[in-house]
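Student: This one is final.cif, mmCIF, C-alpha atoms and all ligand atoms.
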```
data_target
loop_
_atom_site.label_atom_id
_atom_site.label_comp_id
_atom_site.auth_asym_id
_atom_site.auth_seq_id
_atom_site.Cartn_x
_atom_site.Cartn_y
_atom_site.Cartn_z
CA MET M 982 0.00 0.00 0.00
CA THR M 983 1.82 3.13 -1.10
CA LYS M 984 -0.93 5.79 -1.15
CA LYS M 985 -2.02 7.23 2.18
CA ILE M 986 -5.29 5.83 3.26
CA LYS M 987 -7.38 7.50 5.94
CA THR M 988 -8.16 5.49 9.04
CA ILE M 989 -10.71 6.15 11.74
CA ASN M 990 -7.91 7.84 13.70
CA ASP M 991 -8.15 10.71 11.19
CA PHE M 992 -11.69 11.55 12.35
CA ASN M 993 -13.43 12.61 15.50
CA PHE M 994 -16.87 11.06 15.63
CA GLU M 995 -18.54 13.28 18.20
CA ASN M 996 -22.10 13.98 17.02
CA GLN M 997 -21.33 12.13 13.79
CA THR M 998 -23.06 9.03 12.51
CA ALA M 999 -20.56 6.39 11.39
CA LEU M 1000 -21.86 4.01 8.74
CA ILE M 1001 -19.59 1.01 9.29
CA ARG M 1002 -19.41 -1.77 6.70
CA VAL M 1003 -18.41 -4.74 8.82
CA ASP M 1004 -18.02 -8.40 7.92
CA PHE M 1005 -20.12 -10.24 10.48
CA ASN M 1006 -20.40 -13.29 8.23
CA VAL M 1007 -19.33 -15.58 11.06
CA PRO M 1008 -19.66 -19.38 11.18
CA ILE M 1009 -22.49 -20.61 13.41
CA ASN M 1010 -23.84 -23.96 14.58
CA LYS M 1011 -27.44 -25.20 14.32
CA SER M 1012 -28.42 -23.28 17.46
CA TYR M 1013 -27.10 -20.05 15.96
CA GLU M 1014 -24.17 -19.98 18.36
CA ILE M 1015 -21.07 -18.38 16.89
CA THR M 1016 -18.33 -20.99 16.46
CA ASP M 1017 -15.63 -18.48 15.50
CA ASP M 1018 -16.08 -14.82 16.40
CA THR M 1019 -12.69 -13.58 15.10
CA ARG M 1020 -14.20 -11.24 12.52
CA ILE M 1021 -16.42 -9.56 15.09
CA ARG M 1022 -13.77 -9.43 17.80
CA TYR M 1023 -11.30 -7.70 15.49
CA SER M 1024 -13.88 -5.01 14.63
CA ILE M 1025 -14.79 -4.27 18.23
CA PRO M 1026 -11.97 -1.70 18.71
CA THR M 1027 -13.32 0.24 15.69
CA ILE M 1028 -16.79 0.37 17.23
CA GLN M 1029 -15.40 1.22 20.66
CA LYS M 1030 -13.39 4.18 19.40
CA ILE M 1031 -16.52 5.72 17.93
CA LEU M 1032 -18.58 4.98 21.04
CA TYR M 1033 -15.86 6.54 23.21
CA GLU M 1034 -16.00 9.72 21.14
CA LYS M 1035 -19.78 9.83 21.51
CA GLY M 1036 -20.57 9.15 17.90
CA LYS M 1037 -23.58 7.22 16.60
CA ILE M 1038 -23.09 3.91 14.84
CA VAL M 1039 -24.96 2.19 12.02
CA LEU M 1040 -23.60 -1.29 11.27
CA ILE M 1041 -24.12 -2.91 7.86
CA SER M 1042 -23.01 -6.42 6.95
CA HIS M 1043 -23.80 -9.44 4.85
CA PHE M 1044 -24.37 -12.95 6.18
CA GLY M 1045 -24.24 -16.09 4.05
CA ARG M 1046 -25.50 -16.21 0.48
CA PRO M 1047 -29.24 -15.43 0.51
CA LYS M 1048 -28.98 -14.29 -3.15
CA GLY M 1049 -31.21 -11.24 -2.89
CA ILE M 1050 -34.03 -12.96 -1.02
CA SER M 1051 -34.83 -12.19 2.60
CA SER M 1052 -35.22 -15.17 4.90
CA LYS M 1053 -35.09 -15.89 8.63
CA ILE M 1054 -32.17 -18.27 8.17
CA TYR M 1055 -29.88 -15.50 7.01
CA SER M 1056 -31.13 -12.76 9.32
CA LEU M 1057 -28.49 -10.89 11.32
CA LYS M 1058 -30.86 -10.52 14.25
CA PHE M 1059 -29.17 -13.37 16.15
CA LEU M 1060 -26.16 -11.09 16.65
CA VAL M 1061 -27.98 -8.48 18.71
CA HIS M 1062 -27.58 -10.27 22.03
CA TYR M 1063 -23.93 -11.20 21.38
CA LEU M 1064 -22.98 -7.68 20.30
CA SER M 1065 -24.79 -6.01 23.20
CA LYS M 1066 -22.90 -8.27 25.60
CA GLN M 1067 -19.51 -7.71 23.96
CA LEU M 1068 -19.91 -3.95 23.72
CA LYS M 1069 -21.80 -3.47 27.00
CA VAL M 1070 -24.25 -1.22 25.14
CA THR M 1071 -27.74 -2.10 23.93
CA VAL M 1072 -27.57 -2.78 20.22
CA ASN M 1073 -30.75 -1.96 18.31
CA PHE M 1074 -31.81 -3.85 15.22
CA HIS M 1075 -33.87 -2.92 12.19
CA GLU M 1076 -35.17 -5.41 9.64
CA HIS M 1077 -34.36 -3.31 6.56
CA CYS M 1078 -31.26 -1.59 5.15
CA VAL M 1079 -32.83 1.17 3.06
CA GLY M 1080 -36.05 3.18 3.08
CA GLU M 1081 -38.06 5.61 5.17
CA THR M 1082 -38.27 3.46 8.32
CA VAL M 1083 -34.51 2.94 8.45
CA ARG M 1084 -33.82 6.65 8.03
CA LYS M 1085 -36.26 7.37 10.87
CA LYS M 1086 -34.46 4.86 13.13
CA VAL M 1087 -31.09 6.40 12.26
CA ASN M 1088 -32.36 9.91 12.98
CA GLU M 1089 -33.56 8.79 16.38
CA LEU M 1090 -30.10 7.46 17.34
CA LYS M 1091 -28.46 9.32 20.20
CA ASN M 1092 -24.72 9.74 20.71
CA GLY M 1093 -23.16 6.46 21.87
CA GLU M 1094 -25.95 4.30 20.40
CA ILE M 1095 -25.70 1.47 17.87
CA LEU M 1096 -28.10 0.29 15.21
CA LEU M 1097 -27.48 -3.00 13.38
CA LEU M 1098 -29.27 -3.30 10.05
CA GLU M 1099 -30.48 -6.46 8.36
CA ASN M 1100 -28.38 -8.53 5.94
CA LEU M 1101 -27.29 -6.41 2.96
CA ARG M 1102 -27.57 -9.42 0.67
CA PHE M 1103 -31.34 -9.56 1.17
CA TYR M 1104 -31.18 -6.93 -1.59
CA LYS M 1105 -29.96 -8.32 -4.89
CA GLU M 1106 -28.58 -4.83 -5.63
CA GLU M 1107 -25.82 -5.36 -3.05
CA GLU M 1108 -23.94 -7.74 -5.31
CA GLU M 1109 -24.61 -5.69 -8.47
CA GLU M 1110 -22.68 -2.45 -7.76
CA ASN M 1111 -25.99 -0.61 -7.84
CA GLU M 1112 -25.74 3.20 -7.63
CA ASN M 1113 -29.30 3.76 -6.36
CA PHE M 1114 -28.99 1.19 -3.62
CA ALA M 1115 -25.64 2.64 -2.54
CA TYR M 1116 -27.09 6.16 -2.62
CA GLU M 1117 -29.95 5.08 -0.35
CA LEU M 1118 -27.46 3.51 2.05
CA SER M 1119 -25.34 6.65 2.02
CA LYS M 1120 -28.19 8.58 3.64
CA LEU M 1121 -27.61 6.60 6.82
CA GLY M 1122 -24.31 8.11 7.91
CA ASP M 1123 -21.96 11.11 7.90
CA ILE M 1124 -18.71 9.14 7.75
CA TYR M 1125 -18.22 5.82 5.92
CA VAL M 1126 -15.95 3.27 7.57
CA ASN M 1127 -14.87 0.07 5.84
CA ASP M 1128 -13.86 -2.60 8.33
CA ALA M 1129 -14.93 -5.55 6.19
CA PHE M 1130 -11.62 -6.92 4.89
CA GLY M 1131 -13.14 -10.31 4.04
CA VAL M 1132 -15.25 -8.76 1.25
CA SER M 1133 -12.98 -5.91 0.18
CA HIS M 1134 -11.95 -7.87 -2.92
CA ARG M 1135 -15.59 -7.92 -4.05
CA PHE M 1136 -17.22 -5.42 -6.38
CA HIS M 1137 -20.30 -5.02 -4.21
CA SER M 1138 -22.41 -1.87 -3.70
CA SER M 1139 -21.52 -1.33 -0.04
CA ILE M 1140 -17.82 -1.84 -0.78
CA THR M 1141 -17.04 -0.05 -4.04
CA ILE M 1142 -19.99 2.31 -4.73
CA LEU M 1143 -21.18 3.48 -1.32
CA PRO M 1144 -17.93 5.30 -0.38
CA LYS M 1145 -18.26 7.51 -3.49
CA PHE M 1146 -21.10 9.39 -1.79
CA PHE M 1147 -19.00 10.44 1.20
CA GLY M 1148 -16.46 12.76 -0.43
CA LYS M 1149 -13.49 13.00 1.94
CA LYS M 1150 -15.45 11.56 4.85
CA LYS M 1151 -14.49 7.95 4.40
CA CYS M 1152 -11.86 5.73 5.96
CA ILE M 1153 -10.93 2.23 7.07
CA GLY M 1154 -11.35 0.76 10.54
CA PHE M 1155 -8.77 -0.89 12.78
CA LEU M 1156 -9.36 -4.42 11.45
CA MET M 1157 -8.67 -3.29 7.88
CA LYS M 1158 -5.64 -1.28 8.98
CA LYS M 1159 -4.07 -4.35 10.58
CA GLU M 1160 -4.75 -6.61 7.62
CA ILE M 1161 -3.16 -4.13 5.19
CA GLN M 1162 -0.17 -3.49 7.41
CA PHE M 1163 0.52 -7.20 7.95
CA ILE M 1164 0.09 -8.18 4.30
CA ASP M 1165 2.53 -5.43 3.30
CA LYS M 1166 5.24 -7.31 5.22
CA PHE M 1167 4.99 -9.93 2.50
CA SER M 1168 3.66 -8.38 -0.69
CA TYR M 1169 6.28 -5.63 -0.51
CA GLY M 1170 8.87 -7.55 1.52
CA LYS M 1171 8.71 -5.08 4.41
CA GLY M 1172 8.91 -7.75 7.12
CA LYS M 1173 11.97 -8.79 9.13
CA ARG M 1174 14.06 -11.36 7.23
CA PRO M 1175 14.07 -14.23 6.52
CA ILE M 1176 10.57 -13.90 5.05
CA THR M 1177 8.88 -17.23 4.31
CA ILE M 1178 5.63 -17.82 2.48
CA LEU M 1179 4.00 -21.22 2.48
CA LEU M 1180 1.26 -21.82 -0.06
CA GLY M 1181 -0.75 -25.01 -0.26
CA GLY M 1182 -4.14 -26.19 -1.45
CA ALA M 1183 -5.38 -27.50 -4.74
CA LYS M 1184 -6.04 -24.53 -7.02
CA ILE M 1185 -2.76 -23.17 -8.34
CA SER M 1186 -4.75 -20.83 -10.60
CA SER M 1187 -5.77 -18.76 -7.57
CA LYS M 1188 -2.22 -18.49 -6.25
CA ILE M 1189 0.19 -18.54 -9.17
CA LYS M 1190 0.15 -14.75 -9.62
CA ILE M 1191 1.10 -14.44 -5.97
CA ILE M 1192 4.18 -16.57 -6.49
CA GLU M 1193 5.09 -14.45 -9.51
CA ASN M 1194 4.96 -11.35 -7.29
CA ILE M 1195 6.43 -12.54 -4.01
CA ILE M 1196 9.38 -14.24 -5.61
CA ASN M 1197 10.75 -10.69 -5.85
CA PHE M 1198 10.56 -10.17 -2.08
CA ALA M 1199 10.53 -13.47 -0.18
CA ASP M 1200 13.54 -15.43 1.03
CA TYR M 1201 11.73 -18.78 0.93
CA ILE M 1202 8.57 -19.86 -0.85
CA LEU M 1203 7.35 -23.29 0.22
CA ILE M 1204 4.77 -24.98 -1.97
CA GLY M 1205 2.75 -27.97 -0.85
CA GLY M 1206 -0.50 -29.79 -1.60
CA ALA M 1207 -1.80 -30.40 -5.10
CA MET M 1208 -0.37 -26.95 -5.96
CA SER M 1209 3.06 -28.52 -6.19
CA TYR M 1210 2.24 -30.97 -9.02
CA PRO M 1211 2.26 -28.48 -11.91
CA PHE M 1212 5.82 -27.57 -10.84
CA ILE M 1213 6.90 -31.23 -10.67
CA LYS M 1214 5.27 -32.00 -14.00
CA MET M 1215 6.97 -29.06 -15.68
CA LYS M 1216 10.32 -30.32 -14.37
CA GLY M 1217 9.61 -33.63 -16.09
CA GLY M 1218 8.46 -35.56 -13.01
CA MET M 1219 5.88 -38.38 -13.05
CA ILE M 1220 2.97 -37.57 -10.78
CA GLY M 1221 0.78 -40.66 -11.35
CA ASP M 1222 -2.89 -39.90 -10.72
CA SER M 1223 -2.25 -36.92 -8.44
CA MET M 1224 -4.59 -33.99 -8.75
CA ILE M 1225 -3.29 -31.34 -11.12
CA GLU M 1226 -4.79 -28.15 -12.43
CA LYS M 1227 -3.53 -27.43 -15.94
CA ASN M 1228 -4.03 -24.76 -18.56
CA GLN M 1229 -1.89 -22.73 -20.93
CA SER M 1230 -1.89 -19.63 -18.78
CA ILE M 1231 -0.66 -21.61 -15.73
CA GLU M 1232 2.12 -23.13 -17.85
CA ASN M 1233 3.21 -19.74 -19.21
CA THR M 1234 3.34 -18.19 -15.75
CA LEU M 1235 5.19 -21.22 -14.40
CA LYS M 1236 7.87 -20.76 -17.05
CA LYS M 1237 8.32 -17.14 -15.94
CA ILE M 1238 8.52 -18.23 -12.31
CA PHE M 1239 11.15 -20.89 -13.08
CA HIS M 1240 13.16 -18.23 -14.89
CA LYS M 1241 13.02 -15.94 -11.84
CA ASN M 1242 13.87 -18.75 -9.41
CA LYS M 1243 17.62 -18.53 -9.95
CA ASN M 1244 18.33 -18.22 -6.23
CA ASN M 1245 16.26 -21.30 -5.42
CA ILE M 1246 13.70 -19.38 -3.43
CA ILE M 1247 11.03 -21.93 -4.24
CA HIS M 1248 11.07 -25.17 -2.26
CA LEU M 1249 8.89 -28.09 -3.33
CA PRO M 1250 8.20 -31.31 -1.44
CA LYS M 1251 10.71 -34.06 -2.18
CA ASP M 1252 8.62 -36.96 -0.90
CA VAL M 1253 4.88 -37.55 -0.60
CA ILE M 1254 2.44 -39.98 0.96
CA ILE M 1255 0.77 -41.67 -1.96
CA ALA M 1256 -2.57 -43.48 -1.92
CA ASP M 1257 -4.20 -45.97 -4.29
CA SER M 1258 -7.57 -44.15 -4.08
CA PHE M 1259 -8.95 -40.85 -2.88
CA LYS M 1260 -10.19 -41.94 0.53
CA ASN M 1261 -8.99 -41.96 4.11
CA GLU M 1262 -8.71 -45.77 4.26
CA ALA M 1263 -6.72 -46.09 1.02
CA ASN M 1264 -3.49 -48.13 0.92
CA THR M 1265 -0.51 -45.82 1.31
CA LYS M 1266 3.23 -45.65 0.88
CA ILE M 1267 5.95 -43.01 0.76
CA SER M 1268 7.25 -42.06 -2.67
CA PRO M 1269 9.66 -39.53 -4.16
CA ILE M 1270 7.43 -36.79 -5.58
CA HIS M 1271 9.06 -37.10 -9.02
CA SER M 1272 8.19 -40.73 -9.52
CA ILE M 1273 4.63 -41.45 -8.40
CA PRO M 1274 3.43 -44.65 -10.13
CA ASN M 1275 0.27 -44.67 -12.23
CA GLY M 1276 -2.75 -45.66 -10.17
CA TRP M 1277 -1.35 -43.77 -7.17
CA MET M 1278 -1.83 -40.17 -6.07
CA GLY M 1279 0.04 -37.91 -3.66
CA LEU M 1280 -2.24 -36.83 -0.82
CA ASP M 1281 0.18 -35.44 1.78
CA ILE M 1282 3.79 -34.33 2.00
CA GLY M 1283 6.19 -37.00 3.29
CA PRO M 1284 8.45 -37.07 6.38
CA PHE M 1285 11.54 -35.67 4.65
CA SER M 1286 9.54 -32.74 3.23
CA ILE M 1287 7.90 -32.04 6.60
CA LYS M 1288 11.34 -31.88 8.18
CA ASN M 1289 12.69 -29.63 5.45
CA PHE M 1290 9.69 -27.26 5.48
CA CYS M 1291 9.68 -27.04 9.29
CA LYS M 1292 13.43 -26.33 9.34
CA ILE M 1293 12.89 -23.36 7.02
CA ILE M 1294 9.88 -22.11 9.01
CA GLU M 1295 11.86 -22.34 12.24
CA LYS M 1296 14.66 -20.11 10.96
CA SER M 1297 12.20 -17.51 9.62
CA GLU M 1298 11.30 -14.19 11.25
CA THR M 1299 8.21 -13.40 9.17
CA ILE M 1300 5.90 -16.20 8.05
CA LEU M 1301 2.76 -16.30 5.95
CA TRP M 1302 0.74 -19.45 5.47
CA ASN M 1303 -2.26 -20.09 3.25
CA GLY M 1304 -3.49 -23.54 2.24
CA PRO M 1305 -3.08 -27.14 3.45
CA VAL M 1306 -0.13 -29.23 2.23
CA GLY M 1307 -2.33 -32.30 1.84
CA VAL M 1308 -5.88 -33.55 2.00
CA PHE M 1309 -6.02 -32.65 5.68
CA GLU M 1310 -9.76 -33.39 5.85
CA PHE M 1311 -8.75 -37.11 5.80
CA SER M 1312 -7.08 -37.83 9.14
CA ASN M 1313 -4.56 -40.21 7.51
CA PHE M 1314 -3.35 -37.39 5.24
CA SER M 1315 -3.45 -34.54 7.74
CA TYR M 1316 -0.09 -35.10 9.40
CA GLY M 1317 1.85 -32.79 7.07
CA THR M 1318 -0.57 -29.89 7.47
CA ARG M 1319 -0.81 -30.36 11.24
CA SER M 1320 2.99 -30.45 11.52
CA ILE M 1321 3.19 -27.17 9.60
CA ALA M 1322 0.56 -25.67 11.92
CA LYS M 1323 2.60 -26.62 14.99
CA SER M 1324 5.83 -25.40 13.46
CA VAL M 1325 4.37 -21.98 12.56
CA ALA M 1326 2.89 -21.65 16.07
CA ASN M 1327 6.11 -22.69 17.84
CA THR M 1328 8.22 -20.33 15.74
CA THR M 1329 5.80 -17.50 16.57
CA GLU M 1330 6.19 -18.28 20.27
CA LYS M 1331 9.93 -17.83 19.83
CA GLY M 1332 9.40 -14.31 18.49
CA ALA M 1333 8.65 -14.58 14.75
CA PHE M 1334 5.68 -12.79 13.18
CA SER M 1335 3.08 -15.07 11.59
CA LEU M 1336 0.07 -14.34 9.43
CA VAL M 1337 -2.25 -17.20 8.55
CA GLY M 1338 -5.23 -16.98 6.20
CA GLY M 1339 -7.73 -19.29 4.57
CA GLY M 1340 -10.31 -21.47 6.29
CA ASP M 1341 -8.35 -24.74 5.92
CA SER M 1342 -5.10 -23.48 7.45
CA ILE M 1343 -6.95 -21.87 10.35
CA ALA M 1344 -8.96 -25.09 10.84
CA SER M 1345 -5.76 -27.14 11.07
CA LEU M 1346 -4.32 -24.71 13.64
CA LYS M 1347 -7.48 -25.26 15.65
CA MET M 1348 -7.08 -29.05 15.31
CA GLU M 1349 -3.70 -28.64 16.99
CA LYS M 1350 -5.10 -26.08 19.46
CA CYS M 1351 -2.46 -23.57 18.49
CA ASP M 1352 -4.53 -20.93 16.66
CA GLN M 1353 -4.14 -18.51 19.58
CA LYS M 1354 -0.36 -18.61 19.22
CA ILE M 1355 -0.41 -17.11 15.72
CA SER M 1356 0.38 -13.37 15.50
CA TYR M 1357 -2.64 -12.66 13.29
CA LEU M 1358 -5.35 -14.79 11.72
CA SER M 1359 -6.54 -13.03 8.59
CA THR M 1360 -10.30 -12.46 8.43
CA GLY M 1361 -10.36 -12.89 4.65
CA GLY M 1362 -8.72 -15.75 2.76
CA GLY M 1363 -9.71 -14.56 -0.73
CA ALA M 1364 -8.99 -10.90 0.05
CA MET M 1365 -5.62 -11.85 1.48
CA LEU M 1366 -4.68 -13.79 -1.66
CA ASP M 1367 -5.72 -10.89 -3.90
CA SER M 1368 -3.69 -8.45 -1.79
CA LEU M 1369 -0.61 -10.63 -2.17
CA LYS M 1370 -0.81 -10.18 -5.92
CA THR M 1371 -0.19 -6.49 -5.05
CA GLN M 1372 -3.53 -5.58 -6.39
CA THR M 1373 -5.03 -2.76 -4.37
CA LEU M 1374 -8.31 -4.28 -3.35
CA PRO M 1375 -11.35 -2.55 -4.88
CA GLY M 1376 -12.69 -1.82 -1.39
CA ILE M 1377 -9.47 -0.03 -0.48
CA SER M 1378 -9.25 1.94 -3.75
CA ALA M 1379 -12.82 3.11 -3.18
CA VAL M 1380 -11.87 4.61 0.18
CA ILE M 1381 -8.69 6.25 -1.16
CA GLN M 1382 -10.46 8.09 -4.03
P1 LIG C 1 -7.60 -24.45 -2.14
O1 LIG C 1 -9.05 -24.12 -2.19
O2 LIG C 1 -6.90 -24.27 -3.41
O3 LIG C 1 -6.90 -23.74 -0.98
O4 LIG C 1 -7.51 -26.00 -1.80
C1 LIG C 1 -7.86 -26.58 -0.58
C2 LIG C 1 -8.06 -28.05 -0.77
O5 LIG C 1 -6.91 -28.61 -1.33
C3 LIG C 1 -8.34 -28.84 0.49
O6 LIG C 1 -9.68 -29.24 0.48
C4 LIG C 1 -7.39 -30.03 0.39
O7 LIG C 1 -8.03 -31.25 0.65
C5 LIG C 1 -6.95 -29.99 -1.06
N1 LIG C 1 -5.64 -30.63 -1.29
C6 LIG C 1 -4.47 -30.32 -0.71
N2 LIG C 1 -3.52 -31.16 -1.15
C7 LIG C 1 -4.08 -32.02 -2.00
C8 LIG C 1 -3.61 -33.12 -2.77
N3 LIG C 1 -2.34 -33.48 -2.72
N4 LIG C 1 -4.50 -33.76 -3.55
C9 LIG C 1 -5.80 -33.39 -3.61
N5 LIG C 1 -6.29 -32.37 -2.91
C10 LIG C 1 -5.45 -31.68 -2.12
#
```
I'd like the structure from this file rewritten - as structure tokens, please.
Ligand code: AMP
Tutor:
Amino acid sequence: MTKKIKTINDFNFENQTALIRVDFNVPINKSYEITDDTRIRYSIPTIQKILYEKGKIVLISHFGRPKGISSKIYSLKFLVHYLSKQLKVTVNFHEHCVGETVRKKVNELKNGEILLLENLRFYKEEEEENENFAYELSKLGDIYVNDAFGVSHRFHSSITILPKFFGKKKCIGFLMKKEIQFIDKFSYGKGKRPITILLGGAKISSKIKIIENIINFADYILIGGAMSYPFIKMKGGMIGDSMIEKNQSIENTLKKIFHKNKNNIIHLPKDVIIADSFKNEANTKISPIHSIPNGWMGLDIGPFSIKNFCKIIEKSETILWNGPVGVFEFSNFSYGTRSIAKSVANTTEKGAFSLVGGGDSIASLKMEKCDQKISYLSTGGGAMLDSLKTQTLPGISAVIQ
């Protein structure tokens, strides 16, 4: 991030109504209990600053994918009790986002009061960058605050269009500020060295541009999971029936990456656990990654690779991790990913900075009960990946303009 972006510290909210776009799309169980409140917890300081300054707050968020249709299942009403308890202030709720009744509710707000509005995605216009919808929303506040990192890579009305109506009175909240600051350690190589980035998962198409960028800044790039097979294949390896995502654009970018990898920044697994079918109970053996027999597929990194990856992580000062290094959903192929989780957590305890994003990586940290040891758990996997391609996220550009 090179351009100066205003944060809520640049404003005093006394007598002002803050319209805060938050991301309260939290996972819940069948009883509507929140199973991971990270996204809300990280936005609490933003809300508290405004409350402390005696501003008024209107919260807008999405929840799930109701696709423009209102329904009880996707209502945000269940959050009222939780938020009131967390903030020690009564949080009011209104079942619409736009219209006369909402404006009336907002006008009745007193300093230090909070109004949570219903799910933005009950309006199909939210996902259509709709000017009229955004204009109606803009009537609900004096200052626009974006604290919804998890959707800031989306071209949605409340993210990219709404801020246009606020002139200079728009900014980001504390959650967004942290995410940007931490990602900059990697995407621009600003972190303490050695800087290590570990990318796993299956879809290389979503991460290959990141590798192309960070190879200019990182000291080590570790690649695991099915993401590693296009690299092995390009080097002439035999990958048997392992999962591989292939297309011309991936191959062209890979060639460029190989060309840039003169200093051997990229580290691939050397051995893998192979299976004779894609199931937890499959027969398994350890194989060199370059010579997987037909009829077999690599589903986890092997012991030598775990050791090698962990050794690099342990000597790193700044670590980013996104994506499992195997099919960690199958317990028999989760060892690699869980070992990485422990290694990142232990290295953080010894003083390194760690940033972990993506649902799978965070889930594996939780499996090992070490999620609390990580310096920062990103609240947006997709947004984090887009930021690492050094694209300014559309939600951030909209606040800068
Ligand atoms: P992604 O959405 O690209 O982050 O991919 C996540 C998925 O990759 C997880 O569901 C993993 O099970 C899967 N995955 C990781 N390694 C492998 C592998 N070697 N073979 C097949 N799937 C894998």
Student: Counting only C-alpha atoms and all ligand atoms, name the residues that have an atom within 6 Å of an atom of ligand LIG 1 (chain C); the answer should be given as a ChimeraX atom specification.
Tutor: /M:1182-1184,1206-1207,1224,1279-1281,1304-1310
Student: Counting all atoms listed in the file, figure out which residue out of M:Lys1370, M:Lys1354, M:His1075, M:Lys1173 gets nearest to Ser1056 in chain M.
Tutor: M:His1075
Student: What does the distance between CA of Ser1139 in chain M and CA of Leu1097 in chain M come to in Å, to one decimal place?
Tutor: 14.8 Å
Student: For a test of reading the model, state the distance in Å between CA of Asn1100 in chain M and CA of Phe1059 in chain M, rounded to one decimal.
Tutor: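 According to the coordinates, CA of Asn1100 in chain M and CA of Phe1059 in chain M are separated by 11.3 Å.
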Student: Please determine the residues with any atom at most 10 Å from (3.2, -48.0, 3.1) (coordinates as given in the file, with all atoms listed in the file counting) and report them as a PyMOL selection string.
Tutor: chain M and resi 1254-1256+1264-1268
Student: Considering all atoms listed in the file, can you say which of M:Gly1122, M:Pro1144, M:Pro1026, M:Gly1154 comes closest to Val1003 in chain M?
Tutor: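 Smallest separation from Val1003 in chain M among the options: M:Gly1154.
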Student: Under the rule that all atoms listed in the file are counted, which of M:Glu1094, M:Asp991, M:Glu1107, M:Asp1017 is the nearest residue to Phe1005 in chain M?
Tutor: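 For Phe1005 in chain M, the nearest of the given residues is M:Asp1017.
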Student: CA of Lys1288 in chain M and CA of Gly1218 in chain M are how many Å apart?
Tutor: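 The value is 21.7 Å.
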Student: For a quick check of understanding, using all atoms listed in the file, which of M:Ala1115, M:Ile1031, M:Leu1101, M:Val1325 has the smallest distance to Ser1052 in chain M?
Tutor: M:Leu1101
Student: Can you tell me which residues surround Ser1230 in chain M at a distance of at most 12 Å, considering all atoms listed in the file, apart from same-chain residues fewer than 2 positions away, and format the answer as a list in words?
Tutor: Ile1185, Ser1186, Ser1187, Ile1189, Lys1190, Pro1211, Glu1226, Lys1227, Asn1228, Glu1232, Asn1233, Thr1234, Leu1235, Lys1236 and Lys1237 of chain M
Student: Could you check which of M:Thr1141, M:Ser1297, M:Asp1128, M:Leu1121 is closest to Ile1202 in chain M, using all atoms listed in the file?
Tutor: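 So, comparing all the options, the nearest one is M:Ser1297.
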Student: Which is closer to Lys1241 in chain M than all the others in M:Asp1222, M:Glu1193, M:Met1278, M:Gly1338, using only C-alpha atoms?
Tutor: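 The closest residue to Lys1241 in chain M is M:Glu1193.
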Student: What lies within 9 Å of Asp1018 in chain M using all atoms listed in the file, ignoring chain neighbours under 5 positions off, as a list in words?
Tutor: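 That gives Phe1005, Val1007, Pro1008 and Tyr1023 of chain M.
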Student: Using only C-alpha atoms, determine which residues lie at most 10 Å from Cys1078 in chain M, disregarding the query and same-chain residues fewer than 6 positions distant; provide the list as a list in words.
Tutor: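 Near neighbours after the sequence-gap exclusion: Leu1040, Ile1041, Ser1042, Arg1084, Leu1097, Leu1098, Glu1099, Asn1100, Leu1101, Arg1102, Phe1103, Tyr1104, Phe1114, Glu1117, Leu1118 and Leu1121 of chain M.
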Student: Go ahead and write the residues just picked, C-alpha atoms, as a PDB file, keeping the file's coordinate frame.
Tutor:
```pdb
ATOM      1  CA  LEU M1040     -23.600  -1.290  11.270  1.00  0.00           C
ATOM      2  CA  ILE M1041     -24.120  -2.910   7.860  1.00  0.00           C
ATOM      3  CA  SER M1042     -23.010  -6.420   6.950  1.00  0.00           C
ATOM      4  CA  ARG M1084     -33.820   6.650   8.030  1.00  0.00           C
ATOM      5  CA  LEU M1097     -27.480  -3.000  13.380  1.00  0.00           C
ATOM      6  CA  LEU M1098     -29.270  -3.300  10.050  1.00  0.00           C
ATOM      7  CA  GLU M1099     -30.480  -6.460   8.360  1.00  0.00           C
ATOM      8  CA  ASN M1100     -28.380  -8.530   5.940  1.00  0.00           C
ATOM      9  CA  LEU M1101     -27.290  -6.410   2.960  1.00  0.00           C
ATOM     10  CA  ARG M1102     -27.570  -9.420   0.670  1.00  0.00           C
ATOM     11  CA  PHE M1103     -31.340  -9.560   1.170  1.00  0.00           C
ATOM     12  CA  TYR M1104     -31.180  -6.930  -1.590  1.00  0.00           C
ATOM     13  CA  PHE M1114     -28.990   1.190  -3.620  1.00  0.00           C
ATOM     14  CA  GLU M1117     -29.950   5.080  -0.350  1.00  0.00           C
ATOM     15  CA  LEU M1118     -27.460   3.510   2.050  1.00  0.00           C
ATOM     16  CA  LEU M1121     -27.610   6.600   6.820  1.00  0.00           C
TER      17      LEU M1121
END
```
